[in-house]
Amino acid sequence: MSDANGANDTGTQGGSGTTPSGGPGGTAARGTGSAEGPHGEPVRQDTPDQPPTPDGVAAPAAPGALGAPGPSGPGRRVRVVLVDDHRMFRTGVQAEIGQTDRTGVEVVGEAPDVDQAVSVITSTRPEVVLLDVHLPGGGGVEVLRRCSSLMADAEQPVRFLALSVSDAAEDVIGVIRGGARGYVTKTITGSDLVDSIFRVQEGDAVFSPRLAGFVLDAFASTDAPPVDEDLDRLTQREREVLRLIARGYAYKEIAKQLYISVKTVESHVSAVLRKLQLSNRHELTRWATARRLV
């Protein structure tokens, strides 16, 4: 599932587009005026929302504003790769957070699908990857699986922050189990996204408030095992096909959404039925529903 306002692409370079929801992270400039004192001398007048400052000295940026010094202090830097299948969204994110001298974020690469994401991440070795959950080629979980050695590097770990339009519990739990350090939705503001990137770089776990509950519930649950052995028999692509079949998608619709042929969809469905020892798509739907995969 992708951002409805975007446009799919197949390259790694973005064009102009929209920015993520929320206003620009930077603070607006505040004007000052002047008046005469009782003896005709000039008197500085500051606007009510800015405290008086000595002449020639700018007031500090508001805490949390895009470009303001954050927890790591002035001069902080982080190298980031953007992974999203919508070129316009990638371009918008880069325009919002990628002004390095203001935000400290340096965007060193971008990719629209799993294969290109793994290639760019491996070649650039960023500190943080902004990762969409639903991508052509296997999804965000597949990127995490193929980059597991980079995440485990003690000297220069690559950390992942999921940035997705989806707020489904299965998506959140899937990427966290895959190794992501956090999950935020595309409604996040630019300033909060910059803050989340630096927190993930420093090793913190970052979640949108509602999504944190999904993770706590998943790992605290006692009525279901943390690992489903039947589900683990399936490849990532087979799981994607399984969920779409269970949601009532036709083969042609699945093929279009996953960028594969109808024949390939049929092959995946046959493999899923065989591995799960099921007879038809109706049994498959019941199986998926019982495990809350739909």
# chains A, B, ... in the order shown; residues from 1 in each chain; ligands from 1
>>> residues_around(residues="Pro112 (chain A)", least_positions_apart="4", cutoff="6 Å", atoms="only C-alpha atoms", output="JSON, numbers by chain")
{"A": [83, 84, 85]}
>>> residues_around(residues="region 197-209 of chain A", least_positions_apart="6", cutoff="8 Å", atoms="only C-alpha atoms", output="JSON, numbers by chain")
{"A": [78, 127, 128, 159, 160, 161, 181, 182, 183, 184, 185]}
>>> write_last_selection(atoms="C-alpha atoms", output="compact mmCIF listing (two decimals), in the first residue's frame")
# COMPACT_ATOMS: atom_id res chain seq x y z
CA VAL A 78 23.48 12.29 10.02
CA GLU A 127 23.60 5.96 9.48
CA VAL A 128 19.79 5.97 9.10
CA ARG A 159 19.70 1.83 11.53
CA PHE A 160 16.22 1.84 10.00
CA LEU A 161 13.24 4.09 10.71
CA ARG A 181 14.42 0.96 15.34
CA GLY A 182 11.14 2.81 14.96
CA TYR A 183 7.99 3.49 12.97
CA VAL A 184 6.35 6.82 12.18
CA THR A 185 3.55 7.68 9.77
>>> atom_distance(atom1="CA of Leu144 (chain A)", atom2="CA of Glu170 (chain A)")
15.6 Å
>>> residues_around(residues="Arg274 (chain A)", least_positions_apart="6", cutoff="12 Å", atoms="only C-alpha atoms", output="number ranges by chain")
A: 230, 233-234, 238, 267-268, 280-281, 284
>>> write_last_selection(atoms="C-alpha atoms", output="short mmCIF file (atom, residue, chain, number, x, y, z; two decimals), in the first residue's frame")
data_model
loop_
_atom_site.label_atom_id
_atom_site.label_comp_id
_atom_site.auth_asym_id
_atom_site.auth_seq_id
_atom_site.Cartn_x
_atom_site.Cartn_y
_atom_site.Cartn_z
CA ASP A 230 3.51 -22.07 9.84
CA ARG A 233 7.56 -21.41 6.18
CA LEU A 234 6.45 -18.75 3.72
CA GLU A 238 4.27 -15.47 -0.40
CA SER A 267 2.49 -20.02 -8.52
CA HIS A 268 2.76 -18.21 -5.18
CA ASN A 280 -8.45 -23.52 -1.55
CA ARG A 281 -8.50 -19.76 -1.10
CA LEU A 284 -6.59 -19.74 3.21
#
>>> closest_residue(among="A:Val265, A:Val107, A:Ala168, A:Arg87", to="Glu253 (chain A)", atoms="only C-alpha atoms")
A:Val265
>>> select_by_dssp(residues="region 142-193 of chain A", states="strand (DSSP E)", output="compact mmCIF listing (two decimals) with C-alpha atoms, in the first residue's frame")
# COMPACT_ATOMS: atom_id res chain seq x y z
CA ARG A 159 19.70 1.83 11.53
CA PHE A 160 16.22 1.84 10.00
CA LEU A 161 13.24 4.09 10.71
CA ALA A 162 10.00 3.05 9.00
CA LEU A 163 8.13 5.98 7.42
CA SER A 164 4.83 4.78 5.97
CA GLY A 182 11.14 2.81 14.96
CA TYR A 183 7.99 3.49 12.97
CA VAL A 184 6.35 6.82 12.18
CA THR A 185 3.55 7.68 9.77
>>> closest_residue(among="A:Lys186, A:His134, A:Arg239, A:His86", to="Leu276 (chain A)", atoms="only C-alpha atoms")
A:Arg239
>>> atom_distance(atom1="CA of Cys147 (chain A)", atom2="CA of Val118 (chain A)")
6.8 Å
>>> closest_residue(among="A:Thr285, A:Ile245, A:Pro126, A:Ala169", to="Glu266 (chain A)", atoms="only C-alpha atoms")
A:Ile245
>>> residues_around(residues="Ile254 (chain A)", least_positions_apart="4", cutoff="12 Å", atoms="only C-alpha atoms", output="VMD selection string")
chain A and resid 1 136 237 to 238 240 to 250 258 to 266 268 to 269
>>> decode(residues="region 192-291 of chain A", atoms="C-alpha atoms", output="short mmCIF file (atom, residue, chain, number, x, y, z; two decimals), in the first residue's frame")
data_model
loop_
_atom_site.label_atom_id
_atom_site.label_comp_id
_atom_site.auth_asym_id
_atom_site.auth_seq_id
_atom_site.Cartn_x
_atom_site.Cartn_y
_atom_site.Cartn_z
CA ASP A 192 9.56 15.86 14.27
CA LEU A 193 10.98 13.70 11.48
CA VAL A 194 14.41 15.30 11.84
CA ASP A 195 14.26 14.74 15.60
CA SER A 196 13.23 11.10 15.07
CA ILE A 197 16.13 10.52 12.66
CA PHE A 198 18.69 11.78 15.16
CA ARG A 199 17.14 9.76 17.96
CA VAL A 200 17.35 6.58 15.86
CA GLN A 201 20.97 7.43 14.95
CA GLU A 202 21.73 7.57 18.67
CA GLY A 203 20.14 4.14 19.23
CA ASP A 204 16.74 5.15 20.60
CA ALA A 205 13.47 3.49 19.59
CA VAL A 206 10.98 5.94 18.08
CA PHE A 207 7.27 5.41 17.47
CA SER A 208 4.21 7.49 16.79
CA PRO A 209 2.21 7.28 20.06
CA ARG A 210 -0.59 5.05 18.75
CA LEU A 211 1.83 2.68 17.07
CA ALA A 212 3.85 2.13 20.24
CA GLY A 213 0.82 0.37 21.69
CA PHE A 214 0.85 -2.19 18.89
CA VAL A 215 4.43 -3.12 19.69
CA LEU A 216 3.82 -3.36 23.43
CA ASP A 217 0.74 -5.51 22.88
CA ALA A 218 2.57 -7.78 20.45
CA PHE A 219 5.48 -8.52 22.74
CA ALA A 220 3.41 -8.65 25.94
CA SER A 221 0.71 -10.94 24.55
CA THR A 222 0.38 -14.32 26.25
CA ASP A 223 -2.43 -15.74 24.11
CA ALA A 224 -0.29 -16.27 21.00
CA PRO A 225 3.28 -17.44 20.44
CA PRO A 226 5.75 -14.73 19.34
CA VAL A 227 6.76 -16.86 16.35
CA ASP A 228 4.29 -18.60 14.05
CA GLU A 229 6.07 -21.66 12.65
CA ASP A 230 3.51 -22.07 9.84
CA LEU A 231 3.90 -18.46 8.74
CA ASP A 232 7.68 -18.75 8.90
CA ARG A 233 7.56 -21.41 6.18
CA LEU A 234 6.45 -18.75 3.72
CA THR A 235 8.73 -16.33 1.90
CA GLN A 236 8.10 -12.60 2.20
CA ARG A 237 6.50 -12.47 -1.23
CA GLU A 238 4.27 -15.47 -0.40
CA ARG A 239 3.12 -13.64 2.72
CA GLU A 240 2.22 -10.58 0.66
CA VAL A 241 0.21 -12.70 -1.76
CA LEU A 242 -1.44 -14.52 1.16
CA ARG A 243 -2.64 -11.26 2.74
CA LEU A 244 -4.01 -9.92 -0.52
CA ILE A 245 -5.81 -13.18 -1.33
CA ALA A 246 -7.31 -13.18 2.17
CA ARG A 247 -8.51 -9.61 1.64
CA GLY A 248 -10.43 -10.69 -1.45
CA TYR A 249 -8.14 -9.39 -4.20
CA ALA A 250 -8.36 -11.06 -7.61
CA TYR A 251 -5.20 -12.48 -9.17
CA LYS A 252 -5.01 -9.62 -11.69
CA GLU A 253 -5.27 -7.04 -8.91
CA ILE A 254 -2.51 -8.76 -6.93
CA ALA A 255 -0.29 -8.92 -9.99
CA LYS A 256 -0.75 -5.19 -10.63
CA GLN A 257 -0.08 -4.22 -7.02
CA LEU A 258 3.06 -6.37 -6.67
CA TYR A 259 4.41 -5.71 -10.17
CA ILE A 260 4.40 -9.40 -11.09
CA SER A 261 2.55 -11.52 -13.67
CA VAL A 262 -0.74 -13.31 -13.04
CA LYS A 263 1.06 -16.61 -13.63
CA THR A 264 3.54 -15.73 -10.88
CA VAL A 265 0.67 -14.94 -8.53
CA GLU A 266 -0.85 -18.36 -9.27
CA SER A 267 2.49 -20.02 -8.52
CA HIS A 268 2.76 -18.21 -5.18
CA VAL A 269 -0.79 -19.16 -4.23
CA SER A 270 -0.08 -22.81 -5.04
CA ALA A 271 3.08 -22.70 -2.92
CA VAL A 272 1.21 -21.12 0.01
CA LEU A 273 -1.56 -23.72 -0.12
CA ARG A 274 0.98 -26.53 -0.29
CA LYS A 275 3.12 -25.24 2.60
CA LEU A 276 0.11 -24.57 4.83
CA GLN A 277 -1.63 -27.80 3.77
CA LEU A 278 -4.79 -25.96 2.69
CA SER A 279 -7.10 -26.82 -0.20
CA ASN A 280 -8.45 -23.52 -1.55
CA ARG A 281 -8.50 -19.76 -1.10
CA HIS A 282 -11.51 -19.94 1.27
CA GLU A 283 -9.53 -22.07 3.72
CA LEU A 284 -6.59 -19.74 3.21
CA THR A 285 -8.76 -16.72 4.11
CA ARG A 286 -9.99 -18.41 7.30
CA TRP A 287 -6.39 -19.32 8.20
CA ALA A 288 -5.18 -15.74 7.70
CA THR A 289 -8.13 -14.25 9.56
CA ALA A 290 -7.54 -16.49 12.57
CA ARG A 291 -3.99 -15.16 12.80
#
